[in-house]
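Shown below: target_27.cif, with mmCIF, C-alpha atoms.
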data_model
#
loop_
_atom_site.label_atom_id
_atom_site.label_comp_id
_atom_site.auth_asym_id
_atom_site.auth_seq_id
_atom_site.Cartn_x
_atom_site.Cartn_y
_atom_site.Cartn_z
CA MET X 1 0.00 0.00 0.00
CA LYS X 2 1.49 3.34 -0.99
CA ASN X 3 0.49 6.27 1.19
CA ASP X 4 0.99 8.66 -1.72
CA ALA X 5 -1.75 6.91 -3.65
CA LEU X 6 -4.16 7.18 -0.74
CA TRP X 7 -3.41 10.85 -0.19
CA ALA X 8 -3.79 11.66 -3.86
CA HIS X 9 -7.23 10.12 -3.67
CA SER X 10 -8.48 11.51 -0.37
CA ARG X 11 -7.20 15.07 -0.69
CA HIS X 12 -10.25 17.29 -0.41
CA PHE X 13 -11.01 20.59 1.28
CA LEU X 14 -13.48 18.87 3.63
CA ASN X 15 -11.17 16.01 4.48
CA VAL X 16 -9.33 17.79 7.30
CA ARG X 17 -9.30 17.22 11.05
CA PRO X 18 -11.25 20.38 12.03
CA VAL X 19 -14.21 19.26 9.93
CA TYR X 20 -14.30 15.94 11.75
CA ALA X 21 -14.10 17.72 15.11
CA LEU X 22 -16.90 20.09 14.07
CA GLY X 23 -19.08 17.17 13.00
CA GLU X 24 -18.63 15.48 16.33
CA TRP X 25 -19.42 18.67 18.25
CA LEU X 26 -22.57 19.26 16.19
CA GLY X 27 -23.73 15.70 16.73
CA ASP X 28 -23.10 15.81 20.46
CA SER X 29 -24.29 19.30 21.27
CA TRP X 30 -27.28 19.99 19.07
CA PRO X 31 -30.56 18.29 18.22
CA LEU X 32 -30.00 15.66 15.53
CA PHE X 33 -31.86 17.56 12.82
CA VAL X 34 -29.40 20.46 13.14
CA GLY X 35 -26.48 18.19 12.27
CA TYR X 36 -28.31 16.69 9.29
CA ALA X 37 -29.53 20.09 8.04
CA ALA X 38 -26.10 21.68 8.31
CA THR X 39 -24.55 18.70 6.58
CA TRP X 40 -27.11 18.89 3.79
CA TRP X 41 -25.89 22.37 2.89
CA VAL X 42 -22.25 21.41 3.20
CA ALA X 43 -22.87 18.40 0.97
CA GLU X 44 -24.61 20.63 -1.61
CA ALA X 45 -21.57 22.91 -1.59
CA ALA X 46 -19.19 19.96 -1.80
CA CYS X 47 -21.07 18.62 -4.81
CA PHE X 48 -20.83 22.01 -6.54
CA LEU X 49 -17.19 22.60 -5.61
CA SER X 50 -15.85 19.12 -6.37
CA PRO X 51 -15.95 18.69 -10.15
CA ARG X 52 -13.33 15.94 -10.16
CA LEU X 53 -15.21 13.84 -7.60
CA THR X 54 -18.53 14.51 -9.30
CA ARG X 55 -17.16 13.40 -12.65
CA GLY X 56 -15.70 10.22 -11.14
CA LEU X 57 -18.96 9.43 -9.42
CA GLN X 58 -21.07 10.10 -12.51
CA ALA X 59 -18.80 7.97 -14.69
CA ASN X 60 -19.12 5.07 -12.24
CA ILE X 61 -22.89 5.43 -11.95
CA GLN X 62 -23.30 5.64 -15.73
CA GLN X 63 -21.43 2.37 -16.18
CA VAL X 64 -23.61 0.66 -13.57
CA LEU X 65 -26.76 1.97 -15.24
CA ARG X 66 -25.49 0.91 -18.66
CA ALA X 67 -24.93 -2.62 -17.37
CA THR X 68 -28.13 -2.91 -15.35
CA GLN X 69 -30.51 -0.93 -17.57
CA PRO X 70 -29.18 -1.51 -21.10
CA GLY X 71 -32.25 -0.04 -22.77
CA LEU X 72 -31.88 3.38 -21.16
CA PRO X 73 -31.50 6.12 -23.82
CA PRO X 74 -28.18 8.05 -23.50
CA ALA X 75 -29.79 11.36 -22.55
CA GLN X 76 -31.89 9.73 -19.85
CA LEU X 77 -28.90 7.78 -18.62
CA LYS X 78 -26.89 10.99 -18.20
CA ARG X 79 -29.77 12.72 -16.41
CA LYS X 80 -30.24 9.80 -14.08
CA ALA X 81 -26.51 9.59 -13.34
CA ARG X 82 -26.39 13.32 -12.55
CA SER X 83 -29.34 13.04 -10.21
CA LEU X 84 -27.95 9.94 -8.49
CA ALA X 85 -24.52 11.55 -8.11
CA HIS X 86 -26.10 14.56 -6.44
CA ARG X 87 -28.08 12.35 -4.08
CA THR X 88 -24.91 10.37 -3.33
CA PHE X 89 -23.18 13.55 -2.18
CA ILE X 90 -26.05 14.30 0.19
CA ASN X 91 -26.05 10.71 1.45
CA ARG X 92 -22.31 10.92 1.98
CA GLY X 93 -22.94 13.96 4.15
CA PHE X 94 -25.47 12.01 6.22
CA TRP X 95 -22.99 9.14 6.37
CA PHE X 96 -20.60 11.60 7.99
CA VAL X 97 -23.24 12.69 10.54
CA ASP X 98 -23.89 9.05 11.42
CA LEU X 99 -20.19 8.45 11.91
CA SER X 100 -19.91 11.60 14.05
CA LEU X 101 -22.74 10.32 16.24
CA MET X 102 -21.03 6.98 16.59
CA ALA X 103 -17.87 8.73 17.76
CA GLY X 104 -19.72 11.09 20.10
CA ARG X 105 -21.33 10.73 23.50
CA ARG X 106 -24.92 9.80 22.59
CA ARG X 107 -26.07 6.31 23.53
CA PHE X 108 -25.83 3.85 20.64
CA GLU X 109 -29.18 2.29 21.48
CA ASP X 110 -30.92 5.67 21.22
CA CYS X 111 -29.45 6.47 17.83
CA PHE X 112 -28.95 3.33 15.80
CA SER X 113 -30.72 0.13 14.90
CA PHE X 114 -29.24 -2.90 13.15
CA GLU X 115 -31.18 -5.54 11.24
CA MET X 116 -29.06 -8.64 10.74
CA GLU X 117 -29.66 -10.31 7.36
CA GLY X 118 -28.03 -13.03 5.30
CA ASN X 119 -25.91 -16.03 6.16
CA TRP X 120 -24.73 -15.28 9.70
CA ALA X 121 -25.05 -18.99 10.50
CA ALA X 122 -22.15 -19.74 8.14
CA LEU X 123 -19.89 -17.35 10.08
CA THR X 124 -20.96 -18.94 13.36
CA ARG X 125 -20.15 -22.38 11.92
CA ALA X 126 -16.72 -21.26 10.70
CA ARG X 127 -15.90 -19.88 14.14
CA ALA X 128 -17.17 -22.99 15.88
CA ALA X 129 -14.79 -24.99 13.70
CA GLY X 130 -11.92 -22.81 14.93
CA ARG X 131 -11.48 -21.05 11.62
CA GLY X 132 -10.88 -17.37 11.20
CA ALA X 133 -12.89 -15.42 8.65
CA LEU X 134 -12.31 -12.44 6.45
CA ILE X 135 -15.27 -10.08 6.08
CA VAL X 136 -14.86 -7.97 2.95
CA SER X 137 -16.99 -4.95 2.20
CA ALA X 138 -17.09 -2.16 -0.36
CA HIS X 139 -17.44 1.61 -0.11
CA LEU X 140 -21.17 0.98 0.02
CA GLY X 141 -23.41 2.20 2.82
CA ASN X 142 -21.78 2.59 6.20
CA TRP X 143 -18.97 0.08 6.43
CA PHE X 144 -18.02 1.24 9.93
CA SER X 145 -21.49 0.30 11.11
CA GLY X 146 -21.01 -3.09 9.51
CA GLY X 147 -18.07 -3.76 11.83
CA ILE X 148 -20.08 -2.54 14.79
CA ALA X 149 -23.01 -4.77 13.80
CA VAL X 150 -20.69 -7.79 13.81
CA ALA X 151 -19.30 -6.87 17.24
CA ARG X 152 -22.79 -6.25 18.64
CA HIS X 153 -23.80 -9.66 17.30
CA GLY X 154 -21.30 -11.07 19.80
CA ILE X 155 -18.52 -11.76 17.34
CA PRO X 156 -15.16 -10.16 18.20
CA VAL X 157 -13.87 -8.46 15.08
CA ARG X 158 -10.69 -6.73 14.01
CA THR X 159 -11.00 -3.98 11.42
CA VAL X 160 -8.17 -3.18 9.06
CA MET X 161 -7.84 0.36 7.83
CA TYR X 162 -5.34 2.80 6.46
CA ARG X 163 -3.53 5.20 8.75
CA ASN X 164 -2.66 8.68 7.65
CA HIS X 165 -6.12 10.03 7.19
CA ALA X 166 -7.82 13.16 8.55
CA GLY X 167 -10.50 11.05 10.24
CA ASP X 168 -8.13 8.84 12.22
CA PHE X 169 -9.19 10.23 15.60
CA MET X 170 -12.84 9.73 14.80
CA ASP X 171 -12.21 6.21 13.49
CA GLN X 172 -10.47 5.33 16.73
CA LYS X 173 -13.33 6.68 18.84
CA VAL X 174 -15.89 4.76 16.78
CA ALA X 175 -13.82 1.59 17.10
CA LYS X 176 -13.53 2.02 20.86
CA ARG X 177 -17.25 2.61 21.34
CA GLY X 178 -18.16 -0.22 18.98
CA ASN X 179 -15.76 -2.71 20.60
CA LEU X 180 -13.75 -3.12 17.43
CA ARG X 181 -10.12 -4.13 17.43
CA GLN X 182 -8.16 -2.08 14.94
CA THR X 183 -5.13 -2.73 12.83
CA PHE X 184 -3.78 0.19 10.87
CA VAL X 185 -1.84 -0.51 7.74
CA ASP X 186 0.55 1.92 6.12
CA ASP X 187 3.33 1.91 3.56
CA ASP X 188 5.45 -0.42 5.71
CA PRO X 189 5.27 -3.75 3.84
CA PHE X 190 5.27 -5.56 7.19
CA SER X 191 2.09 -3.93 8.46
CA MET X 192 -0.14 -6.73 7.11
CA MET X 193 1.69 -9.39 9.13
CA GLU X 194 -0.56 -8.82 12.10
CA VAL X 195 -3.60 -9.44 9.92
CA VAL X 196 -2.54 -12.78 8.52
CA ARG X 197 -1.45 -13.88 11.99
CA ALA X 198 -4.85 -12.90 13.45
CA LEU X 199 -6.71 -14.81 10.73
CA ARG X 200 -4.61 -17.92 11.24
CA GLU X 201 -5.33 -17.76 14.96
CA GLY X 202 -9.05 -17.84 14.28
CA GLU X 203 -9.97 -14.15 14.45
CA VAL X 204 -12.64 -12.48 12.36
CA VAL X 205 -11.11 -9.64 10.36
CA ALA X 206 -13.03 -7.01 8.40
CA MET X 207 -11.66 -4.86 5.61
CA LEU X 208 -12.63 -3.05 2.45
CA GLY X 209 -11.79 -4.77 -0.80
CA ASP X 210 -12.98 -2.69 -3.71
CA LYS X 211 -10.35 -0.03 -4.32
CA PRO X 212 -6.83 -0.82 -5.49
CA TRP X 213 -4.36 1.73 -4.13
CA ASP X 214 -1.26 0.39 -5.77
CA ALA X 215 -0.06 -1.96 -8.47
CA ARG X 216 -1.06 -5.26 -6.83
CA SER X 217 -4.48 -5.71 -8.30
CA ILE X 218 -6.31 -8.03 -10.68
CA GLU X 219 -8.78 -7.10 -13.38
CA VAL X 220 -12.09 -8.92 -13.14
CA PRO X 221 -15.43 -8.32 -14.84
CA PHE X 222 -17.45 -5.67 -13.02
CA PHE X 223 -20.68 -4.29 -14.43
CA GLY X 224 -19.78 -5.47 -17.89
CA ARG X 225 -16.23 -4.13 -18.08
CA PRO X 226 -12.88 -5.16 -16.57
CA ALA X 227 -12.10 -3.34 -13.34
CA LYS X 228 -9.12 -3.55 -11.01
CA PHE X 229 -9.64 -5.05 -7.57
CA PRO X 230 -6.97 -5.28 -4.87
CA LEU X 231 -5.27 -8.63 -4.56
CA GLY X 232 -4.77 -8.39 -0.78
CA THR X 233 -8.11 -9.81 0.33
CA VAL X 234 -7.98 -13.04 -1.67
CA LYS X 235 -4.28 -13.47 -0.97
CA LEU X 236 -4.89 -13.15 2.77
CA ALA X 237 -7.78 -15.60 2.66
CA ARG X 238 -5.83 -18.17 0.64
CA LEU X 239 -2.71 -17.99 2.78
CA ALA X 240 -4.61 -18.03 6.08
CA GLN X 241 -7.01 -20.68 4.71
CA VAL X 242 -10.10 -18.79 5.79
CA PRO X 243 -13.35 -18.04 3.94
CA ILE X 244 -14.23 -14.60 2.63
CA PHE X 245 -17.65 -13.30 3.66
CA PRO X 246 -18.78 -10.41 1.46
CA ALA X 247 -20.73 -8.05 3.72
CA PHE X 248 -22.55 -4.75 3.39
CA CYS X 249 -24.18 -2.38 5.81
CA VAL X 250 -26.82 -0.55 3.82
CA TYR X 251 -29.66 1.76 4.77
CA ASP X 252 -32.67 3.53 3.33
CA ARG X 253 -32.52 6.27 5.90
CA PRO X 254 -29.79 7.38 8.30
CA ARG X 255 -29.07 5.29 11.39
CA ARG X 256 -31.34 2.39 10.38
CA PHE X 257 -28.90 -0.21 9.14
CA HIS X 258 -29.24 -3.57 7.46
CA ALA X 259 -26.10 -5.62 8.11
CA ILE X 260 -25.98 -8.21 5.35
CA LEU X 261 -23.55 -11.12 5.47
CA CYS X 262 -23.36 -13.02 2.18
CA ASP X 263 -22.44 -16.65 1.53
CA PRO X 264 -18.76 -17.44 2.05
CA ILE X 265 -16.26 -17.62 -0.79
CA GLU X 266 -13.39 -20.09 -0.41
CA VAL X 267 -10.07 -19.36 -2.11
CA THR X 268 -8.96 -22.88 -2.93
CA GLY X 269 -7.62 -24.79 -5.91
CA ASN X 270 -4.45 -26.37 -7.24
CA ASP X 271 -3.38 -23.20 -9.02
CA PRO X 272 -3.10 -20.41 -6.41
CA GLU X 273 -3.22 -17.59 -8.96
CA GLN X 274 -6.32 -18.99 -10.61
CA ALA X 275 -7.94 -19.57 -7.21
CA GLU X 276 -7.33 -15.93 -6.29
CA ARG X 277 -8.67 -14.70 -9.62
CA ASP X 278 -11.79 -16.85 -9.34
CA ALA X 279 -12.46 -15.70 -5.78
CA LEU X 280 -11.99 -12.06 -6.71
CA ALA X 281 -14.38 -12.45 -9.65
CA ALA X 282 -16.93 -14.03 -7.31
CA LEU X 283 -16.48 -11.20 -4.81
CA ALA X 284 -16.98 -8.63 -7.57
CA ARG X 285 -20.20 -10.37 -8.64
CA VAL X 286 -21.61 -10.12 -5.11
CA MET X 287 -20.61 -6.45 -4.90
CA GLU X 288 -22.35 -5.80 -8.21
CA LYS X 289 -25.61 -7.08 -6.82
CA TYR X 290 -25.61 -4.87 -3.74
CA ILE X 291 -24.19 -1.79 -5.44
CA ALA X 292 -26.86 -1.97 -8.14
CA ALA X 293 -29.54 -2.18 -5.46
CA HIS X 294 -28.14 0.74 -3.44
CA LEU X 295 -26.52 2.94 -6.04
CA ASP X 296 -27.08 6.22 -4.19
CA ILE X 297 -25.00 5.07 -1.23
CA TRP X 298 -22.10 3.76 -3.30
CA PHE X 299 -19.45 6.20 -2.16
CA ASN X 300 -16.85 5.56 -4.81
CA PHE X 301 -15.72 8.89 -6.16
CA THR X 302 -12.68 7.40 -7.92
CA PRO X 303 -13.28 6.25 -11.49
CA VAL X 304 -13.45 2.47 -11.30
CA TRP X 305 -12.91 1.78 -14.96
CA GLU X 306 -9.73 2.69 -16.81
CA GLU X 307 -11.28 5.16 -19.20
CA PRO X 308 -14.14 7.23 -17.84
CA VAL X 309 -17.03 7.26 -20.24
CA GLU X 310 -16.93 11.02 -20.59
CA SER X 311 -13.71 12.89 -21.30
CA SER X 312 -12.71 15.04 -18.36
CA SER X 313 -11.08 18.43 -17.99
CA PRO X 314 -8.07 18.70 -15.69
CA ALA X 315 -9.87 20.72 -13.00
CA SER X 316 -8.86 19.81 -9.45
CA ASP X 317 -10.95 19.70 -6.26
CA SER X 318 -8.16 20.20 -3.79
CA MET B 319 27.92 -28.23 7.69
CA ALA B 320 28.95 -25.90 4.83
CA ASP B 321 27.14 -28.15 2.37
CA ASN B 322 24.03 -28.05 4.54
CA ASP B 323 24.20 -24.28 4.72
CA ALA B 324 24.57 -23.94 0.95
CA ALA B 325 21.64 -26.29 0.41
CA LEU B 326 19.53 -24.34 2.88
CA ARG B 327 20.34 -21.08 1.11
CA GLN B 328 19.31 -22.61 -2.19
CA ARG B 329 16.02 -23.80 -0.68
CA VAL B 330 15.32 -20.37 0.79
CA LYS B 331 16.11 -18.66 -2.52
CA GLY B 332 13.94 -21.13 -4.38
CA MET B 333 11.08 -20.49 -1.99
CA ILE B 334 11.42 -16.70 -2.32
CA VAL B 335 11.49 -16.82 -6.12
CA LEU B 336 8.57 -19.22 -6.28
CA CYS B 337 6.19 -17.73 -3.73
CA CYS B 338 6.90 -14.11 -4.71
CA ARG B 339 6.72 -15.03 -8.39
CA LEU B 340 10.00 -13.34 -9.21
CA LYS B 341 11.10 -13.50 -12.81
CA ILE B 342 14.66 -14.52 -11.95
CA LEU B 343 16.49 -17.74 -11.21
CA PRO B 344 17.07 -18.56 -7.51
CA ALA B 345 20.84 -18.40 -8.08
CA GLU B 346 20.54 -14.78 -9.24
CA LEU B 347 19.35 -13.75 -5.78
CA LYS B 348 22.41 -12.67 -3.80
CA ASP B 349 22.76 -13.68 -0.17
CA ASP B 350 22.99 -10.13 1.16
CA GLN B 351 20.62 -8.41 -1.27
CA GLU B 352 18.00 -6.20 0.43
CA LEU B 353 14.76 -7.96 -0.45
CA PHE B 354 12.44 -4.97 0.04
CA ASP B 355 14.58 -2.22 -1.44
CA PRO B 356 13.78 -1.92 -5.17
CA ALA B 357 17.08 -0.13 -5.75
CA LYS B 358 19.16 -2.88 -4.16
CA GLY B 359 17.07 -6.00 -4.64
CA PRO B 360 13.86 -7.44 -6.04
CA GLY B 361 11.68 -4.82 -4.28
CA LEU B 362 9.24 -7.11 -2.52
CA ASP B 363 6.05 -5.57 -1.07
CA SER B 364 3.37 -6.20 1.56
CA ILE B 365 1.76 -9.01 -0.46
CA ASP B 366 5.13 -10.77 -0.68
CA VAL B 367 5.52 -10.46 3.10
CA LEU B 368 2.36 -12.50 3.54
CA GLU B 369 3.64 -15.17 1.17
CA LEU B 370 7.04 -15.30 2.85
CA VAL B 371 5.70 -15.51 6.40
CA VAL B 372 3.28 -18.32 5.59
CA ASN B 373 5.67 -20.25 3.34
CA LEU B 374 8.57 -20.02 5.82
CA GLU B 375 6.29 -21.58 8.39
CA ARG B 376 5.06 -24.29 6.04
CA GLU B 377 8.41 -25.22 4.50
CA PHE B 378 10.86 -24.59 7.32
CA GLY B 379 8.68 -24.70 10.42
CA VAL B 380 9.80 -21.27 11.61
CA VAL B 381 7.28 -18.80 12.98
CA ILE B 382 7.72 -15.06 12.56
CA PRO B 383 5.52 -13.87 15.40
CA ASP B 384 5.32 -10.13 14.85
CA ARG B 385 6.11 -7.16 12.68
CA GLU B 386 9.38 -6.29 14.43
CA THR B 387 10.76 -9.80 13.96
CA GLY B 388 9.58 -9.75 10.35
CA GLN B 389 11.44 -6.52 9.68
CA LYS B 390 14.65 -8.06 11.02
CA VAL B 391 14.33 -11.54 9.58
CA LEU B 392 13.03 -10.84 6.09
CA ARG B 393 15.73 -8.34 5.13
CA SER B 394 17.84 -10.72 3.04
CA VAL B 395 18.54 -14.37 2.33
CA ASN B 396 21.30 -14.21 4.94
CA THR B 397 18.98 -13.00 7.71
CA ILE B 398 16.35 -15.60 6.84
CA VAL B 399 18.89 -18.42 6.88
CA GLU B 400 20.30 -17.15 10.18
CA PHE B 401 16.80 -17.11 11.67
CA ILE B 402 16.17 -20.70 10.56
CA HIS B 403 19.47 -21.71 12.14
CA THR B 404 18.79 -19.94 15.44
CA SER B 405 15.30 -21.43 15.54
CA GLY B 406 16.93 -24.86 15.42
CA LYS B 407 15.00 -25.87 12.31
CA ALA B 408 17.94 -26.24 9.90
#
Go through the file and emit its structure as structure tokens.
Amino acid sequence: MKNDALWAHSRHFLNVRPVYALGEWLGDSWPLFVGYAATWWVAEAACFLSPRLTRGLQANIQQVLRATQPGLPPAQLKRKARSLAHRTFINRGFWFVDLSLMAGRRRFEDCFSFEMEGNWAALTRARAAGRGALIVSAHLGNWFSGGIAVARHGIPVRTVMYRNHAGDFMDQKVAKRGNLRQTFVDDDPFSMMEVVRALREGEVVAMLGDKPWDARSIEVPFFGRPAKFPLGTVKLARLAQVPIFPAFCVYDRPRRFHAILCDPIEVTGNDPEQAERDALAALARVMEKYIAAHLDIWFNFTPVWEEPVESSSPASDS
Amino acid sequence: MADNDAALRQRVKGMIVLCCRLKILPAELKDDQELFDPAKGPGLDSIDVLELVVNLEREFGVVIPDRETGQKVLRSVNTIVEFIHTSGKA
């Protein structure tokens, strides 16, 4: 993982520590609607002032719509993508309020509800057999809440995330309140050692697996076109001999989460490279299904596909 | 003893080349080459660390328990071989 790549991606005028501190103060000190209303306006401004992110988001949404609604006329497709991109910005703002509330002093039970859906029995079985498990999510919905849902379900979980981010303090508070163990990874190649060790010792580890930050990625079909996915998740699962559980924490309105755990994917086979490729393709297929169903909370502002559908001007958001 | 050591080095080099999918022959890997420095060696990365840690355990029975040990042991073929020796697994 190269820190430069992460910084190049996450550099944004709102992605600074004071904004995170302000969000937490608003959430703690004011009625909830004040935080959401203020964030709505900030999100509107962010949408207007972030042409690079908006273009990336629209290009991604257009590709999803093209793959899932092939009959959509081009003009309608563009209109729909614009509208969805705008709504995604607002939802991202609300996502931030939810995270601020998780980090703050309000009682969890008063603020959040979690519906557990999917194949949780398979995870219970894997644990009962002494196996670790790798829960892999995407930048869809509220992935932090997904980790918390697992912990509140009585399953100790370690989350893996990147250090060197403006929201580190908030992440740590959320992890502490949600009873999540954390492992930060950085550009030290040895930082993932702790993760493979934890998996081999039977821990449940959760991480995101949809954005490749450096060269170690594989192209697999994704919404009808090849897209790069990071190799780390399938490599970890194969080496630690644990199943991958795709998981998503989605919502129709803030703070009402559906924590969905999908059927496990095993990374096995005589040819390790092929096994990893097959598992990654399977993971991408599961992500497709949930992204298509919740497109306005797919917070992927980085163009997923090599060539964005629309040519872009070199304007910057930073 | 010297023969054993040479054979062990060859096995370690073979394992590194194979599990990290390096496009070189094991013999081309020098004993003191920095494995993670792209300017001085093959420039292995975090994914290769995972392969090395697991394969060292499987093939040589040596456990690298933590990040600090990994940083010391996985520096070069020499340091890996030394670790196998001191672990009494050679």
message: I need the chain B residues near chain X as a list in words; criterion: at most 8 Å, counting only C-alpha atoms.
response: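 Only these qualify: Asp363, Ser364, Ile365, Val367, Leu368, Glu369, Val371, Val372, Pro383, Asp384, Arg385, Gly388 and Gln389 of chain B.
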Which centre and edge lengths in Å to one decimal define the box along x, y and z that fits every listed atom of segment 104-113 of chain X plus 5 Å per side, as JSON?
{"center_x": -25.3, "center_y": 5.6, "center_z": 19.2, "size_x": 21.2, "size_y": 21.0, "size_z": 18.6}
task: Would you work out the distance separating atom CA of Ala357 of chain B from atom CA of Ile218 of chain X, expressed in Å to one decimal?
output: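 So the answer is 25.2 Å.
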Residue with smallest distance to Asp278 of chain X - pool X:Pro221, X:Glu109, X:Ala198, X:Ala227, counting all atoms listed in the file: X:Pro221
Contact residues around Cys47 of chain X with only C-alpha atoms at 12 Å, ignoring same-chain residues under 5 positions, as an MDAnalysis selection string: chainID X and resid 12:14 39:42 52:58 82:93 301 317
Produce a file of the selected residues containing C-alpha atoms, as a PDB file, in the coordinates of the input.
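File result-v8.pdb, as written:
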ATOM      1  CA  HIS X  12     -10.250  17.290  -0.410  1.00  0.00           C
ATOM      2  CA  PHE X  13     -11.010  20.590   1.280  1.00  0.00           C
ATOM      3  CA  LEU X  14     -13.480  18.870   3.630  1.00  0.00           C
ATOM      4  CA  THR X  39     -24.550  18.700   6.580  1.00  0.00           C
ATOM      5  CA  TRP X  40     -27.110  18.890   3.790  1.00  0.00           C
ATOM      6  CA  TRP X  41     -25.890  22.370   2.890  1.00  0.00           C
ATOM      7  CA  VAL X  42     -22.250  21.410   3.200  1.00  0.00           C
ATOM      8  CA  ARG X  52     -13.330  15.940 -10.160  1.00  0.00           C
ATOM      9  CA  LEU X  53     -15.210  13.840  -7.600  1.00  0.00           C
ATOM     10  CA  THR X  54     -18.530  14.510  -9.300  1.00  0.00           C
ATOM     11  CA  ARG X  55     -17.160  13.400 -12.650  1.00  0.00           C
ATOM     12  CA  GLY X  56     -15.700  10.220 -11.140  1.00  0.00           C
ATOM     13  CA  LEU X  57     -18.960   9.430  -9.420  1.00  0.00           C
ATOM     14  CA  GLN X  58     -21.070  10.100 -12.510  1.00  0.00           C
ATOM     15  CA  ARG X  82     -26.390  13.320 -12.550  1.00  0.00           C
ATOM     16  CA  SER X  83     -29.340  13.040 -10.210  1.00  0.00           C
ATOM     17  CA  LEU X  84     -27.950   9.940  -8.490  1.00  0.00           C
ATOM     18  CA  ALA X  85     -24.520  11.550  -8.110  1.00  0.00           C
ATOM     19  CA  HIS X  86     -26.100  14.560  -6.440  1.00  0.00           C
ATOM     20  CA  ARG X  87     -28.080  12.350  -4.080  1.00  0.00           C
ATOM     21  CA  THR X  88     -24.910  10.370  -3.330  1.00  0.00           C
ATOM     22  CA  PHE X  89     -23.180  13.550  -2.180  1.00  0.00           C
ATOM     23  CA  ILE X  90     -26.050  14.300   0.190  1.00  0.00           C
ATOM     24  CA  ASN X  91     -26.050  10.710   1.450  1.00  0.00           C
ATOM     25  CA  ARG X  92     -22.310  10.920   1.980  1.00  0.00           C
ATOM     26  CA  GLY X  93     -22.940  13.960   4.150  1.00  0.00           C
ATOM     27  CA  PHE X 301     -15.720   8.890  -6.160  1.00  0.00           C
ATOM     28  CA  ASP X 317     -10.950  19.700  -6.260  1.00  0.00           C
TER      29      ASP X 317
END
message: Can you tell me which residues surround Gln351 of chain B at a distance of at most 8 Å, considering all atoms listed in the file, apart from same-chain residues fewer than 4 positions away, and format the answer as an MDAnalysis selection string?
response: chainID B and resid 347 358:359 394:395
message: One decimal, in Å: what's the spacing between atom CA of Gly71 of chain X and atom CA of Ala138 of chain X?
response: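 Atom CA of Gly71 of chain X sits 27.1 Å away from atom CA of Ala138 of chain X.
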- request: Run the PyMOL selection byres ((chain X and resi 167) around 12) against the file shown and list the residues it catches, as a ChimeraX atom specification.
  value: /X:10,14-24,96,99-100,103,161-166,168-174
field: Point-to-point distance in Å for atom CA of Cys337 of chain B and atom CA of Thr268 of chain X
entry: 16.0 Å
Polymer residues at most 12 Å from Asp110 of chain X, only C-alpha atoms, same-chain spacing of 4 or more positions, as a list in words: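 Answer for this query is Leu32, Leu101, Met102, Arg105, Arg106, Phe114, Arg255 and Arg256 of chain X.
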task: Rank X:Met287, X:Val34, X:Ala75, X:Lys228 by their smallest atom-to-atom distance to Val136 of chain X, using only C-alpha atoms, and report the top residue only.
output: X:Met287
task: Name the residues captured by the PyMOL selection byres ((chain B and resi 327) around 12) when it is applied to the shown file; answer as JSON, numbers by chain.
output: {"B": [320, 321, 322, 323, 324, 325, 326, 328, 329, 330, 331, 332, 333, 334, 344, 345, 347, 348, 349, 350, 378, 394, 395, 396, 397, 398, 399, 400, 401, 402, 403, 408]}
message: Given all atoms listed in the file as the basis, pick out the residue of B:Leu362, B:Cys338, B:Leu353, B:Val380 nearest to Gly406 of chain B.
response: B:Val380
message: Show me the residues around (-10.8, -19.6, 12.9) - criterion: an atom at most 6 Å away, only C-alpha atoms counted - as a ChimeraX atom specification.
response: /X:127,130-132,202-203
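Among X:Gly209, X:Gly146, X:Pro303, X:Pro272, the residue with the shortest atom-to-atom distance to Val250 of chain X, counting only C-alpha atoms, is X:Gly146.
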message: From (-12.8, -14.4, -13.8), in the file's coordinates, out to 10 Å: which residues are reached, counting all atoms listed in the file? Answer as a VMD selection string.
response: chain X and resid 218 to 222 226 274 to 282 284 to 285
Selected residue of minimal separation from Thr302 of chain X among X:Asp98, X:Asp210, X:Glu201, X:Glu115, counting only C-alpha atoms: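 Nearest candidate to Thr302 of chain X out of X:Asp98, X:Asp210, X:Glu201, X:Glu115: X:Asp210.
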Top pick for closest residue to Lys176 of chain X, considering X:Gly104, X:Pro74, X:Asn270, X:Phe229 and counting only C-alpha atoms: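 Closest to Lys176 of chain X of all the choices is X:Gly104.
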Rebuild segment 11-16 of chain X to N, CA and C atoms - output it as a short mmCIF file (atom, residue, chain, number, x, y, z; two decimals), in the coordinates of the input, please.
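Result saved to rebuild27.cif:
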data_model
loop_
_atom_site.label_atom_id
_atom_site.label_comp_id
_atom_site.auth_asym_id
_atom_site.auth_seq_id
_atom_site.Cartn_x
_atom_site.Cartn_y
_atom_site.Cartn_z
N ARG X 11 -7.42 13.65 -0.89
CA ARG X 11 -7.20 15.07 -0.69
C ARG X 11 -8.46 15.84 -1.11
N HIS X 12 -9.03 16.55 -0.14
CA HIS X 12 -10.25 17.29 -0.41
C HIS X 12 -10.38 18.36 0.66
N PHE X 13 -10.98 19.49 0.30
CA PHE X 13 -11.01 20.59 1.28
C PHE X 13 -11.83 20.25 2.52
N LEU X 14 -12.72 19.26 2.45
CA LEU X 14 -13.48 18.87 3.63
C LEU X 14 -12.81 17.75 4.42
N ASN X 15 -11.81 17.15 3.82
CA ASN X 15 -11.17 16.01 4.48
C ASN X 15 -9.99 16.48 5.34
N VAL X 16 -10.34 17.26 6.38
CA VAL X 16 -9.33 17.79 7.30
C VAL X 16 -9.84 17.58 8.73
#
